[in-house]
Each structure stands twice: as C-alpha cells, then as structure tokens.
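Text of target12.cif (mmCIF, N, CA and C atoms; chains and numbers go by the auth columns) as supplied:
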```
data_model
loop_
_atom_site.group_PDB
_atom_site.id
_atom_site.type_symbol
_atom_site.label_atom_id
_atom_site.label_comp_id
_atom_site.label_asym_id
_atom_site.label_seq_id
_atom_site.Cartn_x
_atom_site.Cartn_y
_atom_site.Cartn_z
_atom_site.B_iso_or_equiv
_atom_site.auth_seq_id
_atom_site.auth_asym_id
ATOM 1 N N MET A 1 5.900 -25.855 -9.304 0.00 1 X
ATOM 2 C CA MET A 1 7.019 -26.615 -8.793 0.00 1 X
ATOM 3 C C MET A 1 6.775 -26.945 -7.322 0.00 1 X
ATOM 4 N N MET A 2 7.065 -28.181 -6.915 0.00 2 X
ATOM 5 C CA MET A 2 6.890 -28.567 -5.527 0.00 2 X
ATOM 6 C C MET A 2 8.221 -29.061 -4.972 0.00 2 X
ATOM 7 N N GLN A 3 8.436 -28.726 -3.716 0.00 3 X
ATOM 8 C CA GLN A 3 9.654 -29.122 -3.031 0.00 3 X
ATOM 9 C C GLN A 3 9.264 -29.666 -1.665 0.00 3 X
ATOM 10 N N LYS A 4 10.000 -30.663 -1.161 0.00 4 X
ATOM 11 C CA LYS A 4 9.708 -31.210 0.153 0.00 4 X
ATOM 12 C C LYS A 4 9.869 -30.123 1.212 0.00 4 X
ATOM 13 N N LEU A 5 8.910 -30.065 2.129 0.00 5 X
ATOM 14 C CA LEU A 5 8.966 -29.057 3.183 0.00 5 X
ATOM 15 C C LEU A 5 10.214 -29.231 4.041 0.00 5 X
ATOM 16 N N LYS A 6 10.627 -30.468 4.284 0.00 6 X
ATOM 17 C CA LYS A 6 11.843 -30.693 5.073 0.00 6 X
ATOM 18 C C LYS A 6 13.060 -30.080 4.396 0.00 6 X
ATOM 19 N N GLU A 7 13.088 -30.071 3.064 0.00 7 X
ATOM 20 C CA GLU A 7 14.205 -29.469 2.339 0.00 7 X
ATOM 21 C C GLU A 7 14.152 -27.953 2.424 0.00 7 X
ATOM 22 N N VAL A 8 12.941 -27.404 2.401 0.00 8 X
ATOM 23 C CA VAL A 8 12.778 -25.948 2.517 0.00 8 X
ATOM 24 C C VAL A 8 13.231 -25.513 3.909 0.00 8 X
ATOM 25 N N GLY A 9 12.768 -26.220 4.939 0.00 9 X
ATOM 26 C CA GLY A 9 13.260 -26.006 6.287 0.00 9 X
ATOM 27 C C GLY A 9 12.642 -24.885 7.087 0.00 9 X
ATOM 28 N N TYR A 10 11.617 -24.250 6.578 0.00 10 X
ATOM 29 C CA TYR A 10 10.948 -23.184 7.322 0.00 10 X
ATOM 30 C C TYR A 10 9.504 -23.080 6.881 0.00 10 X
ATOM 31 N N LEU A 11 8.700 -22.400 7.689 0.00 11 X
ATOM 32 C CA LEU A 11 7.309 -22.097 7.346 0.00 11 X
ATOM 33 C C LEU A 11 7.139 -20.595 7.303 0.00 11 X
ATOM 34 N N GLU A 12 6.253 -20.128 6.422 0.00 12 X
ATOM 35 C CA GLU A 12 5.885 -18.720 6.410 0.00 12 X
ATOM 36 C C GLU A 12 4.458 -18.598 5.922 0.00 12 X
ATOM 37 N N LYS A 13 3.820 -17.508 6.327 0.00 13 X
ATOM 38 C CA LYS A 13 2.449 -17.265 5.882 0.00 13 X
ATOM 39 C C LYS A 13 2.409 -17.220 4.363 0.00 13 X
ATOM 40 N N GLY A 14 1.357 -17.799 3.817 0.00 14 X
ATOM 41 C CA GLY A 14 1.187 -17.796 2.369 0.00 14 X
ATOM 42 C C GLY A 14 1.642 -19.073 1.688 0.00 14 X
ATOM 43 N N MET A 15 2.449 -19.885 2.377 0.00 15 X
ATOM 44 C CA MET A 15 2.882 -21.153 1.789 0.00 15 X
ATOM 45 C C MET A 15 1.687 -22.080 1.646 0.00 15 X
ATOM 46 N N VAL A 16 1.649 -22.836 0.568 0.00 16 X
ATOM 47 C CA VAL A 16 0.630 -23.861 0.394 0.00 16 X
ATOM 48 C C VAL A 16 1.309 -25.211 0.572 0.00 16 X
ATOM 49 N N LEU A 17 0.850 -25.956 1.588 0.00 17 X
ATOM 50 C CA LEU A 17 1.397 -27.277 1.862 0.00 17 X
ATOM 51 C C LEU A 17 0.495 -28.327 1.241 0.00 17 X
ATOM 52 N N VAL A 18 1.110 -29.344 0.642 0.00 18 X
ATOM 53 C CA VAL A 18 0.376 -30.394 -0.062 0.00 18 X
ATOM 54 C C VAL A 18 0.916 -31.741 0.396 0.00 18 X
ATOM 55 N N ASP A 19 -0.005 -32.683 0.700 0.00 19 X
ATOM 56 C CA ASP A 19 0.460 -34.034 1.024 0.00 19 X
ATOM 57 C C ASP A 19 0.373 -34.911 -0.225 0.00 19 X
ATOM 58 N N VAL A 20 0.822 -36.152 -0.111 0.00 20 X
ATOM 59 C CA VAL A 20 0.876 -37.034 -1.283 0.00 20 X
ATOM 60 C C VAL A 20 -0.504 -37.404 -1.811 0.00 20 X
ATOM 61 N N ASP A 21 -1.544 -37.207 -1.004 0.00 21 X
ATOM 62 C CA ASP A 21 -2.913 -37.485 -1.451 0.00 21 X
ATOM 63 C C ASP A 21 -3.544 -36.273 -2.148 0.00 21 X
ATOM 64 N N GLY A 22 -2.797 -35.171 -2.241 0.00 22 X
ATOM 65 C CA GLY A 22 -3.308 -33.981 -2.906 0.00 22 X
ATOM 66 C C GLY A 22 -4.064 -33.028 -1.992 0.00 22 X
ATOM 67 N N LYS A 23 -4.171 -33.362 -0.701 0.00 23 X
ATOM 68 C CA LYS A 23 -4.812 -32.443 0.245 0.00 23 X
ATOM 69 C C LYS A 23 -3.880 -31.268 0.457 0.00 23 X
ATOM 70 N N GLU A 24 -4.446 -30.074 0.466 0.00 24 X
ATOM 71 C CA GLU A 24 -3.598 -28.906 0.616 0.00 24 X
ATOM 72 C C GLU A 24 -4.217 -27.898 1.566 0.00 24 X
ATOM 73 N N GLY A 25 -3.370 -27.040 2.085 0.00 25 X
ATOM 74 C CA GLY A 25 -3.806 -25.968 2.964 0.00 25 X
ATOM 75 C C GLY A 25 -2.816 -24.830 2.907 0.00 25 X
ATOM 76 N N LYS A 26 -3.344 -23.624 2.946 0.00 26 X
ATOM 77 C CA LYS A 26 -2.503 -22.428 2.922 0.00 26 X
ATOM 78 C C LYS A 26 -2.226 -21.988 4.349 0.00 26 X
ATOM 79 N N VAL A 27 -0.945 -21.780 4.672 0.00 27 X
ATOM 80 C CA VAL A 27 -0.561 -21.313 6.001 0.00 27 X
ATOM 81 C C VAL A 27 -1.015 -19.865 6.147 0.00 27 X
ATOM 82 N N THR A 28 -1.908 -19.616 7.105 0.00 28 X
ATOM 83 C CA THR A 28 -2.433 -18.263 7.298 0.00 28 X
ATOM 84 C C THR A 28 -2.113 -17.696 8.672 0.00 28 X
ATOM 85 N N GLY A 29 -1.508 -18.510 9.542 0.00 29 X
ATOM 86 C CA GLY A 29 -1.133 -18.014 10.859 0.00 29 X
ATOM 87 C C GLY A 29 -0.036 -18.850 11.467 0.00 29 X
ATOM 88 N N LEU A 30 0.914 -18.176 12.099 0.00 30 X
ATOM 89 C CA LEU A 30 1.999 -18.830 12.827 0.00 30 X
ATOM 90 C C LEU A 30 2.050 -18.187 14.203 0.00 30 X
ATOM 91 N N TYR A 31 1.941 -19.003 15.238 0.00 31 X
ATOM 92 C CA TYR A 31 1.878 -18.486 16.599 0.00 31 X
ATOM 93 C C TYR A 31 2.893 -19.223 17.460 0.00 31 X
ATOM 94 N N GLY A 32 3.679 -18.502 18.231 0.00 32 X
ATOM 95 C CA GLY A 32 4.675 -19.112 19.099 0.00 32 X
ATOM 96 C C GLY A 32 6.067 -18.944 18.547 0.00 32 X
ATOM 97 N N ASP A 33 6.936 -19.917 18.878 0.00 33 X
ATOM 98 C CA ASP A 33 8.318 -19.881 18.399 0.00 33 X
ATOM 99 C C ASP A 33 8.720 -21.284 17.947 0.00 33 X
ATOM 100 N N ASN A 34 9.995 -21.484 17.688 0.00 34 X
ATOM 101 C CA ASN A 34 10.442 -22.787 17.177 0.00 34 X
ATOM 102 C C ASN A 34 10.244 -23.925 18.167 0.00 34 X
ATOM 103 N N ASP A 35 10.220 -23.625 19.461 0.00 35 X
ATOM 104 C CA ASP A 35 10.028 -24.671 20.466 0.00 35 X
ATOM 105 C C ASP A 35 8.572 -25.080 20.602 0.00 35 X
ATOM 106 N N PHE A 36 7.672 -24.147 20.407 0.00 36 X
ATOM 107 C CA PHE A 36 6.235 -24.406 20.535 0.00 36 X
ATOM 108 C C PHE A 36 5.511 -23.526 19.522 0.00 36 X
ATOM 109 N N MET A 37 5.100 -24.115 18.415 0.00 37 X
ATOM 110 C CA MET A 37 4.490 -23.315 17.357 0.00 37 X
ATOM 111 C C MET A 37 3.154 -23.921 16.935 0.00 37 X
ATOM 112 N N MET A 38 2.147 -23.064 16.860 0.00 38 X
ATOM 113 C CA MET A 38 0.851 -23.441 16.314 0.00 38 X
ATOM 114 C C MET A 38 0.776 -22.890 14.897 0.00 38 X
ATOM 115 N N VAL A 39 0.262 -23.703 13.983 0.00 39 X
ATOM 116 C CA VAL A 39 0.124 -23.290 12.589 0.00 39 X
ATOM 117 C C VAL A 39 -1.357 -23.334 12.230 0.00 39 X
ATOM 118 N N GLU A 40 -1.848 -22.237 11.653 0.00 40 X
ATOM 119 C CA GLU A 40 -3.248 -22.155 11.218 0.00 40 X
ATOM 120 C C GLU A 40 -3.302 -22.241 9.700 0.00 40 X
ATOM 121 N N PHE A 41 -4.289 -22.995 9.220 0.00 41 X
ATOM 122 C CA PHE A 41 -4.463 -23.164 7.778 0.00 41 X
ATOM 123 C C PHE A 41 -5.786 -22.561 7.325 0.00 41 X
ATOM 124 N N ASP A 42 -5.757 -21.912 6.183 0.00 42 X
ATOM 125 C CA ASP A 42 -6.946 -21.426 5.477 0.00 42 X
ATOM 126 C C ASP A 42 -7.826 -20.500 6.326 0.00 42 X
ATOM 127 N N ASN A 43 -7.202 -19.670 7.176 0.00 43 X
ATOM 128 C CA ASN A 43 -7.926 -18.703 8.020 0.00 43 X
ATOM 129 C C ASN A 43 -9.002 -19.365 8.864 0.00 43 X
ATOM 130 N N ASN A 44 -8.765 -20.592 9.296 0.00 44 X
ATOM 131 C CA ASN A 44 -9.756 -21.351 10.048 0.00 44 X
ATOM 132 C C ASN A 44 -9.155 -21.737 11.398 0.00 44 X
ATOM 133 N N GLN A 45 -9.679 -21.163 12.477 0.00 45 X
ATOM 134 C CA GLN A 45 -9.144 -21.467 13.804 0.00 45 X
ATOM 135 C C GLN A 45 -9.311 -22.936 14.157 0.00 45 X
ATOM 136 N N ASN A 46 -10.261 -23.619 13.534 0.00 46 X
ATOM 137 C CA ASN A 46 -10.438 -25.049 13.767 0.00 46 X
ATOM 138 C C ASN A 46 -9.398 -25.890 13.037 0.00 46 X
ATOM 139 N N ARG A 47 -8.596 -25.242 12.198 0.00 47 X
ATOM 140 C CA ARG A 47 -7.529 -25.953 11.473 0.00 47 X
ATOM 141 C C ARG A 47 -6.161 -25.507 11.975 0.00 47 X
ATOM 142 N N ARG A 48 -6.035 -25.335 13.284 0.00 48 X
ATOM 143 C CA ARG A 48 -4.746 -25.041 13.906 0.00 48 X
ATOM 144 C C ARG A 48 -4.151 -26.336 14.426 0.00 48 X
ATOM 145 N N ILE A 49 -2.857 -26.506 14.196 0.00 49 X
ATOM 146 C CA ILE A 49 -2.185 -27.705 14.697 0.00 49 X
ATOM 147 C C ILE A 49 -0.901 -27.293 15.418 0.00 49 X
ATOM 148 N N LEU A 50 -0.491 -28.142 16.338 0.00 50 X
ATOM 149 C CA LEU A 50 0.789 -27.965 16.993 0.00 50 X
ATOM 150 C C LEU A 50 1.854 -28.515 16.055 0.00 50 X
ATOM 151 N N TRP A 51 2.801 -27.676 15.663 0.00 51 X
ATOM 152 C CA TRP A 51 3.789 -28.052 14.668 0.00 51 X
ATOM 153 C C TRP A 51 4.952 -28.772 15.318 0.00 51 X
ATOM 154 N N ASP A 52 5.415 -29.852 14.703 0.00 52 X
ATOM 155 C CA ASP A 52 6.534 -30.634 15.224 0.00 52 X
ATOM 156 C C ASP A 52 7.450 -31.015 14.063 0.00 52 X
ATOM 157 N N TRP A 53 8.543 -30.277 13.905 0.00 53 X
ATOM 158 C CA TRP A 53 9.480 -30.544 12.814 0.00 53 X
ATOM 159 C C TRP A 53 10.070 -31.943 12.893 0.00 53 X
ATOM 160 N N GLU A 54 10.278 -32.445 14.112 0.00 54 X
ATOM 161 C CA GLU A 54 10.925 -33.748 14.268 0.00 54 X
ATOM 162 C C GLU A 54 10.057 -34.890 13.747 0.00 54 X
ATOM 163 N N ASN A 55 8.752 -34.722 13.769 0.00 55 X
ATOM 164 C CA ASN A 55 7.851 -35.780 13.301 0.00 55 X
ATOM 165 C C ASN A 55 7.216 -35.471 11.949 0.00 55 X
ATOM 166 N N LEU A 56 7.752 -34.494 11.244 0.00 56 X
ATOM 167 C CA LEU A 56 7.218 -34.109 9.943 0.00 56 X
ATOM 168 C C LEU A 56 7.487 -35.203 8.908 0.00 56 X
ATOM 169 N N SER A 57 6.461 -35.590 8.204 0.00 57 X
ATOM 170 C CA SER A 57 6.582 -36.608 7.161 0.00 57 X
ATOM 171 C C SER A 57 7.381 -36.083 5.964 0.00 57 X
ATOM 172 N N ASP A 58 8.108 -36.985 5.321 0.00 58 X
ATOM 173 C CA ASP A 58 8.815 -36.641 4.072 0.00 58 X
ATOM 174 C C ASP A 58 7.838 -36.456 2.920 0.00 58 X
ATOM 175 N N ARG A 59 6.572 -36.723 3.164 0.00 59 X
ATOM 176 C CA ARG A 59 5.565 -36.679 2.099 0.00 59 X
ATOM 177 C C ARG A 59 4.746 -35.403 2.118 0.00 59 X
ATOM 178 N N VAL A 60 5.289 -34.349 2.734 0.00 60 X
ATOM 179 C CA VAL A 60 4.637 -33.033 2.742 0.00 60 X
ATOM 180 C C VAL A 60 5.460 -32.111 1.867 0.00 60 X
ATOM 181 N N TYR A 61 4.790 -31.440 0.943 0.00 61 X
ATOM 182 C CA TYR A 61 5.461 -30.591 -0.038 0.00 61 X
ATOM 183 C C TYR A 61 4.974 -29.152 0.051 0.00 61 X
ATOM 184 N N VAL A 62 5.785 -28.246 -0.474 0.00 62 X
ATOM 185 C CA VAL A 62 5.412 -26.836 -0.618 0.00 62 X
ATOM 186 C C VAL A 62 5.163 -26.601 -2.105 0.00 62 X
ATOM 187 N N ARG A 63 3.998 -26.061 -2.418 0.00 63 X
ATOM 188 C CA ARG A 63 3.698 -25.704 -3.816 0.00 63 X
ATOM 189 C C ARG A 63 4.036 -24.233 -3.998 0.00 63 X
ATOM 190 N N ARG A 64 4.832 -23.961 -4.991 0.00 64 X
ATOM 191 C CA ARG A 64 5.231 -22.568 -5.260 0.00 64 X
ATOM 192 C C ARG A 64 4.792 -22.155 -6.628 0.00 64 X
#
```

What would you get if you wrote out this structure as structure tokens?
Amino acid sequence: MMQKLKEVGYLEKGMVLVDVDGKEGKVTGLYGDNDFMMVEFDNNQNRRILWDWENLSDRVYVRR
C-alpha cells in the first residue's frame, strides 16, 4: 500500500519513499530538527539531502 508523504506528514527511519517514476530510497538517517533537517537514504552519506516540507512534491509516496 502506498500513501502520499504529504498525507502521512512525517518522516522516520525505515520509511521507503517512492516517486512516480518508481525510484525509491529507504530513509536511514535524520539529522537536525523541523527547521533544518538532513535526510540520508540507503546508508549512503552521498545521498543526504536538505529536507523542505514546503517544496515537497505531491508525487512522493511512502511504501508500507
């Protein structure tokens, strides 16, 4: 089952995020707080991004 991440409204380690093209990544690290948060995917420091809820696409889903 997949649900839009915006509807879920939070991130946690272990979540698998999927975009509409089928690209996916498992959240393996969360650093910072709600004002400034870095998210790491697939235990890869090169796959860390600065998270921005305000600019999050409606086309990102959580696979459960």

Point-to-point distance in Å for atom C of X:Lys4 and atom C of X:Asn43: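 Taking atom C of X:Asn43 as the start and atom C of X:Lys4 as the end point, the length is 23.0 Å.
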
Running DSSP on the backbone, which parts of chain X land in alpha helix (DSSP H), as a PDB file with N, CA and C atoms, keeping the file's coordinate frame?
```pdb
ATOM      1  N   LEU X   5       8.910 -30.065   2.129  1.00  0.00           N
ATOM      2  CA  LEU X   5       8.966 -29.057   3.183  1.00  0.00           C
ATOM      3  C   LEU X   5      10.214 -29.231   4.041  1.00  0.00           C
ATOM      4  N   LYS X   6      10.627 -30.468   4.284  1.00  0.00           N
ATOM      5  CA  LYS X   6      11.843 -30.693   5.073  1.00  0.00           C
ATOM      6  C   LYS X   6      13.060 -30.080   4.396  1.00  0.00           C
ATOM      7  N   GLU X   7      13.088 -30.071   3.064  1.00  0.00           N
ATOM      8  CA  GLU X   7      14.205 -29.469   2.339  1.00  0.00           C
ATOM      9  C   GLU X   7      14.152 -27.953   2.424  1.00  0.00           C
ATOM     10  N   VAL X   8      12.941 -27.404   2.401  1.00  0.00           N
ATOM     11  CA  VAL X   8      12.778 -25.948   2.517  1.00  0.00           C
ATOM     12  C   VAL X   8      13.231 -25.513   3.909  1.00  0.00           C
TER      13      VAL X   8
END
```

What does the PyMOL selection byres (((chain X and resi 8-24 and name CA) around 10) and name CA) select in this file, as a short mmCIF file (atom, residue, chain, number, x, y, z; two decimals) with N, CA and C atoms, keeping the file's coordinate frame?
```cif
data_model
loop_
_atom_site.label_atom_id
_atom_site.label_comp_id
_atom_site.auth_asym_id
_atom_site.auth_seq_id
_atom_site.Cartn_x
_atom_site.Cartn_y
_atom_site.Cartn_z
N MET X 2 7.06 -28.18 -6.92
CA MET X 2 6.89 -28.57 -5.53
C MET X 2 8.22 -29.06 -4.97
N GLN X 3 8.44 -28.73 -3.72
CA GLN X 3 9.65 -29.12 -3.03
C GLN X 3 9.26 -29.67 -1.66
N LYS X 4 10.00 -30.66 -1.16
CA LYS X 4 9.71 -31.21 0.15
C LYS X 4 9.87 -30.12 1.21
N LEU X 5 8.91 -30.06 2.13
CA LEU X 5 8.97 -29.06 3.18
C LEU X 5 10.21 -29.23 4.04
N LYS X 6 10.63 -30.47 4.28
CA LYS X 6 11.84 -30.69 5.07
C LYS X 6 13.06 -30.08 4.40
N GLU X 7 13.09 -30.07 3.06
CA GLU X 7 14.20 -29.47 2.34
C GLU X 7 14.15 -27.95 2.42
N GLY X 25 -3.37 -27.04 2.08
CA GLY X 25 -3.81 -25.97 2.96
C GLY X 25 -2.82 -24.83 2.91
N LYS X 26 -3.34 -23.62 2.95
CA LYS X 26 -2.50 -22.43 2.92
C LYS X 26 -2.23 -21.99 4.35
N VAL X 27 -0.94 -21.78 4.67
CA VAL X 27 -0.56 -21.31 6.00
C VAL X 27 -1.01 -19.86 6.15
N THR X 28 -1.91 -19.62 7.10
CA THR X 28 -2.43 -18.26 7.30
C THR X 28 -2.11 -17.70 8.67
N GLY X 29 -1.51 -18.51 9.54
CA GLY X 29 -1.13 -18.01 10.86
C GLY X 29 -0.04 -18.85 11.47
N LEU X 30 0.91 -18.18 12.10
CA LEU X 30 2.00 -18.83 12.83
C LEU X 30 2.05 -18.19 14.20
N ASN X 34 9.99 -21.48 17.69
CA ASN X 34 10.44 -22.79 17.18
C ASN X 34 10.24 -23.92 18.17
N VAL X 39 0.26 -23.70 13.98
CA VAL X 39 0.12 -23.29 12.59
C VAL X 39 -1.36 -23.33 12.23
N GLU X 40 -1.85 -22.24 11.65
CA GLU X 40 -3.25 -22.16 11.22
C GLU X 40 -3.30 -22.24 9.70
N PHE X 41 -4.29 -23.00 9.22
CA PHE X 41 -4.46 -23.16 7.78
C PHE X 41 -5.79 -22.56 7.32
N ASP X 42 -5.76 -21.91 6.18
CA ASP X 42 -6.95 -21.43 5.48
C ASP X 42 -7.83 -20.50 6.33
N TRP X 53 8.54 -30.28 13.90
CA TRP X 53 9.48 -30.54 12.81
C TRP X 53 10.07 -31.94 12.89
N SER X 57 6.46 -35.59 8.20
CA SER X 57 6.58 -36.61 7.16
C SER X 57 7.38 -36.08 5.96
N ASP X 58 8.11 -36.98 5.32
CA ASP X 58 8.82 -36.64 4.07
C ASP X 58 7.84 -36.46 2.92
N ARG X 59 6.57 -36.72 3.16
CA ARG X 59 5.56 -36.68 2.10
C ARG X 59 4.75 -35.40 2.12
N VAL X 60 5.29 -34.35 2.73
CA VAL X 60 4.64 -33.03 2.74
C VAL X 60 5.46 -32.11 1.87
N TYR X 61 4.79 -31.44 0.94
CA TYR X 61 5.46 -30.59 -0.04
C TYR X 61 4.97 -29.15 0.05
N VAL X 62 5.78 -28.25 -0.47
CA VAL X 62 5.41 -26.84 -0.62
C VAL X 62 5.16 -26.60 -2.10
N ARG X 63 4.00 -26.06 -2.42
CA ARG X 63 3.70 -25.70 -3.82
C ARG X 63 4.04 -24.23 -4.00
N ARG X 64 4.83 -23.96 -4.99
CA ARG X 64 5.23 -22.57 -5.26
C ARG X 64 4.79 -22.16 -6.63
#
```

Å distance separating atom CA of X:Asp52 from atom CA of X:Gly32, one decimal place: 12.3 Å

Computed interatomic separation between atom N of X:Asp35 and atom C of X:Met1 (Å):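 Taking atom N of X:Asp35 as the start and atom C of X:Met1 as the end point, the length is 27.2 Å.
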
Residue list (strand (DSSP E or B), DSSP) for stretch 4-62 of chain X, as a count of residues only: 30

Restricted to N, CA, C and O atoms, what does stretch 25-48 of chain X look like when written out as a compact mmCIF listing (two decimals), in the first residue's frame?
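Below is the file that was written, out18.txt:
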```txt
# COMPACT_ATOMS: atom_id res chain seq x y z
N GLY X 25 14.00 5.06 -2.19
CA GLY X 25 15.10 5.12 -1.25
C GLY X 25 14.58 4.93 0.15
O GLY X 25 13.50 5.40 0.49
N LYS X 26 15.34 4.21 0.95
CA LYS X 26 14.97 3.97 2.34
C LYS X 26 15.62 5.02 3.22
O LYS X 26 16.82 5.26 3.14
N VAL X 27 14.81 5.67 4.07
CA VAL X 27 15.33 6.68 4.99
C VAL X 27 16.16 5.96 6.06
O VAL X 27 15.65 5.11 6.78
N THR X 28 17.45 6.29 6.12
CA THR X 28 18.34 5.63 7.08
C THR X 28 18.95 6.60 8.07
O THR X 28 19.63 6.19 9.00
N GLY X 29 18.71 7.90 7.89
CA GLY X 29 19.23 8.88 8.83
C GLY X 29 18.44 10.17 8.78
O GLY X 29 18.03 10.62 7.71
N LEU X 30 18.19 10.73 9.95
CA LEU X 30 17.52 12.02 10.09
C LEU X 30 18.38 12.86 11.02
O LEU X 30 18.64 12.45 12.15
N TYR X 31 18.79 14.02 10.55
CA TYR X 31 19.70 14.86 11.33
C TYR X 31 19.14 16.28 11.39
O TYR X 31 18.73 16.83 10.37
N GLY X 32 19.10 16.87 12.57
CA GLY X 32 18.59 18.22 12.73
C GLY X 32 17.22 18.22 13.36
O GLY X 32 16.86 17.32 14.11
N ASP X 33 16.44 19.26 13.02
CA ASP X 33 15.08 19.38 13.55
C ASP X 33 14.14 19.80 12.42
O ASP X 33 14.52 19.81 11.26
N ASN X 34 12.92 20.16 12.77
CA ASN X 34 11.94 20.51 11.73
C ASN X 34 12.32 21.75 10.93
O ASN X 34 11.89 21.92 9.80
N ASP X 35 13.10 22.65 11.52
CA ASP X 35 13.51 23.87 10.81
C ASP X 35 14.64 23.61 9.84
O ASP X 35 14.74 24.26 8.81
N PHE X 36 15.52 22.69 10.17
CA PHE X 36 16.67 22.37 9.33
C PHE X 36 16.96 20.88 9.48
O PHE X 36 17.49 20.44 10.49
N MET X 37 16.55 20.10 8.50
CA MET X 37 16.70 18.65 8.62
C MET X 37 17.39 18.09 7.38
O MET X 37 17.04 18.41 6.25
N MET X 38 18.39 17.26 7.63
CA MET X 38 19.05 16.50 6.57
C MET X 38 18.51 15.08 6.63
O MET X 38 18.36 14.51 7.71
N VAL X 39 18.23 14.52 5.46
CA VAL X 39 17.72 13.15 5.38
C VAL X 39 18.71 12.32 4.57
O VAL X 39 19.13 12.73 3.49
N GLU X 40 19.10 11.17 5.13
CA GLU X 40 20.02 10.26 4.44
C GLU X 40 19.24 9.05 3.94
O GLU X 40 18.37 8.53 4.64
N PHE X 41 19.58 8.64 2.72
CA PHE X 41 18.92 7.48 2.12
C PHE X 41 19.91 6.35 1.91
O PHE X 41 21.05 6.57 1.51
N ASP X 42 19.46 5.14 2.17
CA ASP X 42 20.17 3.90 1.85
C ASP X 42 21.58 3.83 2.46
O ASP X 42 22.51 3.29 1.86
N ASN X 43 21.74 4.38 3.68
CA ASN X 43 23.03 4.35 4.40
C ASN X 43 24.17 4.92 3.57
O ASN X 43 25.30 4.48 3.66
N ASN X 44 23.88 5.92 2.75
CA ASN X 44 24.87 6.50 1.85
C ASN X 44 24.99 7.99 2.16
O ASN X 44 24.06 8.76 1.88
N GLN X 45 26.14 8.40 2.69
CA GLN X 45 26.32 9.81 3.03
C GLN X 45 26.25 10.70 1.80
O GLN X 45 25.96 11.89 1.90
N ASN X 46 26.51 10.15 0.62
CA ASN X 46 26.39 10.93 -0.61
C ASN X 46 24.94 11.11 -1.04
O ASN X 46 24.67 11.82 -2.00
N ARG X 47 24.03 10.44 -0.35
CA ARG X 47 22.59 10.58 -0.66
C ARG X 47 21.87 11.30 0.47
O ARG X 47 20.78 10.95 0.85
N ARG X 48 22.51 12.32 1.02
CA ARG X 48 21.87 13.18 2.03
C ARG X 48 21.32 14.41 1.33
O ARG X 48 21.96 14.99 0.47
```
